[in-house]
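Reproduced below: start36.cif, with mmCIF, C-alpha atoms.
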```
data_query
loop_
_atom_site.label_atom_id
_atom_site.label_comp_id
_atom_site.auth_asym_id
_atom_site.auth_seq_id
_atom_site.Cartn_x
_atom_site.Cartn_y
_atom_site.Cartn_z
CA MET Z 14 15.06 203.21 164.81
CA ASP Z 15 13.88 200.50 162.47
CA PHE Z 16 12.78 197.11 163.84
CA ALA Z 17 11.86 193.88 162.03
CA LEU Z 18 10.45 190.76 163.68
CA VAL Z 19 10.47 187.44 161.78
CA GLY Z 20 11.57 188.28 158.30
CA GLY Z 21 14.38 189.97 156.46
CA ARG Z 22 14.74 193.69 156.07
CA GLN Z 23 16.31 195.74 153.26
CA ILE Z 24 16.95 199.40 153.95
CA THR Z 25 18.45 202.18 151.83
CA LEU Z 26 19.47 205.14 153.94
CA GLN Z 27 18.70 208.66 152.73
CA GLN Z 28 21.40 211.02 151.47
CA GLY Z 29 23.00 212.94 154.33
CA TRP Z 30 22.22 210.27 156.93
CA GLY Z 31 24.07 210.54 160.24
CA HIS Z 32 23.15 208.04 162.93
CA GLU Z 33 20.97 205.01 162.25
CA VAL Z 34 19.80 202.23 164.59
CA LEU Z 35 18.38 199.00 163.13
CA ALA Z 36 17.27 195.79 164.84
CA SER Z 37 15.93 192.45 163.64
CA VAL Z 38 14.91 189.18 165.27
CA LEU Z 39 14.71 185.97 163.21
CA GLY Z 40 15.70 187.59 159.95
CA GLY Z 41 18.58 189.21 158.13
CA THR Z 42 19.26 192.88 157.64
CA ARG Z 43 20.65 194.43 154.46
CA VAL Z 44 21.59 198.12 154.60
CA LYS Z 45 22.70 200.27 151.70
CA ALA Z 46 24.40 203.40 153.02
CA PRO Z 47 25.07 206.12 150.42
CA ALA Z 48 27.89 208.61 150.85
CA THR Z 49 27.48 211.03 153.71
CA THR Z 50 29.27 214.16 154.78
CA PHE Z 51 27.89 213.87 158.30
CA PRO Z 52 30.81 213.96 160.77
CA GLU Z 53 31.11 210.84 162.91
CA ALA Z 54 28.41 208.94 160.98
CA SER Z 55 27.39 205.67 162.59
CA ILE Z 56 25.19 202.65 161.99
CA THR Z 57 24.13 200.44 164.90
CA VAL Z 58 22.70 197.04 164.00
CA VAL Z 59 21.34 194.46 166.44
CA THR Z 60 20.51 191.04 164.96
CA VAL Z 61 19.30 187.89 166.69
CA VAL Z 62 19.42 184.86 164.35
CA GLY Z 63 20.21 186.32 160.96
CA ALA Z 64 22.98 187.79 158.84
CA THR Z 65 23.75 191.49 158.53
CA LEU Z 66 25.11 193.00 155.30
CA ILE Z 67 26.04 196.67 155.20
CA GLN Z 68 27.03 198.21 151.86
CA VAL Z 69 29.02 201.44 152.01
CA PRO Z 70 30.46 203.70 149.28
CA ARG Z 71 33.82 202.76 147.81
CA GLY Z 72 36.74 204.11 149.81
CA SER Z 73 34.85 204.52 153.07
CA ARG Z 74 36.89 204.20 156.23
CA ILE Z 75 35.15 201.69 158.49
CA ARG Z 76 35.48 201.27 162.23
CA LEU Z 77 33.76 198.05 163.30
CA ARG Z 78 32.71 197.74 166.93
CA GLY Z 79 30.43 195.42 168.88
CA PHE Z 80 30.40 191.63 169.10
CA THR Z 81 29.27 188.51 167.31
CA LEU Z 82 28.37 185.32 169.15
CA PHE Z 83 28.21 182.19 166.96
CA GLY Z 84 28.91 184.02 163.72
CA GLY Z 85 31.64 185.76 161.73
CA ARG Z 86 32.66 189.35 161.02
CA LYS Z 87 34.15 190.62 157.78
CA ILE Z 88 35.12 194.00 156.33
CA ASP Z 89 35.73 194.04 152.59
CA VAL Z 90 36.32 197.75 151.88
CA ARG Z 91 39.39 199.43 150.42
CA SER Z 92 39.95 202.35 152.74
CA SER Z 93 40.82 205.87 151.58
CA ASP Z 94 40.54 209.40 152.93
CA ASP Z 95 36.75 209.45 152.75
CA PRO Z 96 34.78 210.15 155.95
CA GLU Z 97 34.86 207.46 158.61
CA ILE Z 98 31.75 205.41 159.31
CA THR Z 99 31.46 203.64 162.65
CA VAL Z 100 29.54 200.37 162.48
CA ARG Z 101 28.33 199.02 165.81
CA ALA Z 102 27.17 195.48 165.13
CA PHE Z 103 25.76 193.15 167.76
CA SER Z 104 24.86 189.72 166.45
CA LEU Z 105 23.74 186.50 168.08
CA PHE Z 106 23.74 183.48 165.74
CA GLY Z 107 24.59 185.42 162.59
CA SER Z 108 27.36 187.04 160.59
CA VAL Z 109 28.20 190.70 160.03
CA THR Z 110 29.66 191.78 156.66
CA VAL Z 111 30.58 195.30 155.54
CA ASN Z 112 31.43 195.66 151.86
CA GLU Z 113 31.55 198.21 149.06
CA SER Z 114 28.41 199.10 147.16
CA LEU Z 115 28.60 198.34 143.46
CA ASP Z 116 26.77 201.58 142.57
#
```

Would it be possible to restate this file's structure as structure tokens?
Amino acid sequence: MDFALVGGRQITLQQGWGHEVLASVLGGTRVKAPATTFPEASITVVTVVGATLIQVPRGSRIRLRGFTLFGGRKIDVRSSDDPEITVRAFSLFGSVTVNESLD
């Protein structure tokens, strides 16, 4: 688990990651998730007052779960047959965006 209090956080997950839990209070979270072959890979993000941006490899299949209170949710990924990534995002006063990495 990774936790940030008062301030933004940028995280790049390691190759072969499987299950990650990230939390931040009074700051945004930016996660870069490289391709993984781990079955049922998941990212759980809890944010209180701040935006969450999760970048995934092109063609990832995304399943977005959780809730957002006073904020928006957006998935901007062109799905293919790549492994599915479950994103559990819980946000209070902030948005959650999942998009494709440009790398």

Item to complete: Take the PyMOL selection byres ((chain Z and resi 83) around 9), apply it to the structure above, and return the hits as a ChimeraX atom specification.
Response: /Z:81-82,84-85,104-108

Worksheet item: Any idea what's packed within 9 Å of Arg74 in chain Z, counting only C-alpha atoms, ignoring anything in its chain fewer than 2 positions away? Could you give it as a ChimeraX atom specification?
Response: /Z:72,76,90-99

Hey, what's within 12 Å of Val100 in chain Z if we count all atoms listed in the file and toss same-chain stuff fewer than 4 positions away? As a short mmCIF file (atom, residue, chain, number, x, y, z; two decimals) with C-alpha atoms, in the frame of the given file, please?
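Okay, around-v2.cif is ready:
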```cif
data_model
loop_
_atom_site.label_atom_id
_atom_site.label_comp_id
_atom_site.auth_asym_id
_atom_site.auth_seq_id
_atom_site.Cartn_x
_atom_site.Cartn_y
_atom_site.Cartn_z
CA GLY Z 31 24.07 210.54 160.24
CA HIS Z 32 23.15 208.04 162.93
CA GLU Z 33 20.97 205.01 162.25
CA VAL Z 34 19.80 202.23 164.59
CA LEU Z 35 18.38 199.00 163.13
CA VAL Z 44 21.59 198.12 154.60
CA ALA Z 46 24.40 203.40 153.02
CA GLU Z 53 31.11 210.84 162.91
CA ALA Z 54 28.41 208.94 160.98
CA SER Z 55 27.39 205.67 162.59
CA ILE Z 56 25.19 202.65 161.99
CA THR Z 57 24.13 200.44 164.90
CA VAL Z 58 22.70 197.04 164.00
CA VAL Z 59 21.34 194.46 166.44
CA THR Z 65 23.75 191.49 158.53
CA LEU Z 66 25.11 193.00 155.30
CA ILE Z 67 26.04 196.67 155.20
CA GLN Z 68 27.03 198.21 151.86
CA VAL Z 69 29.02 201.44 152.01
CA SER Z 73 34.85 204.52 153.07
CA ARG Z 74 36.89 204.20 156.23
CA ILE Z 75 35.15 201.69 158.49
CA ARG Z 76 35.48 201.27 162.23
CA LEU Z 77 33.76 198.05 163.30
CA ARG Z 78 32.71 197.74 166.93
CA GLY Z 79 30.43 195.42 168.88
CA PHE Z 80 30.40 191.63 169.10
CA ARG Z 86 32.66 189.35 161.02
CA LYS Z 87 34.15 190.62 157.78
CA ILE Z 88 35.12 194.00 156.33
CA VAL Z 109 28.20 190.70 160.03
CA THR Z 110 29.66 191.78 156.66
CA VAL Z 111 30.58 195.30 155.54
CA ASN Z 112 31.43 195.66 151.86
#
```

Item to complete: Could you check how far CA of Ser114 in chain Z sits from CA of Leu39 in chain Z, in Å to one decimal?
Response: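 Distance reported for this atom pair: 24.9 Å.
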
Practice prompt. Find the distance between CA of Ala48 in chain Z and CA of Phe16 in chain Z and write it in Å to one decimal.
Written response: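 Result for CA of Ala48 in chain Z versus CA of Phe16 in chain Z: 23.0 Å, one decimal.
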
Discussion item. What does the structure give for the distance between CA of Pro52 in chain Z and CA of Ala17 in chain Z, in Å to one decimal?
Written reply: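 Value for the CA of Pro52 in chain Z-CA of Ala17 in chain Z distance: 27.6 Å.
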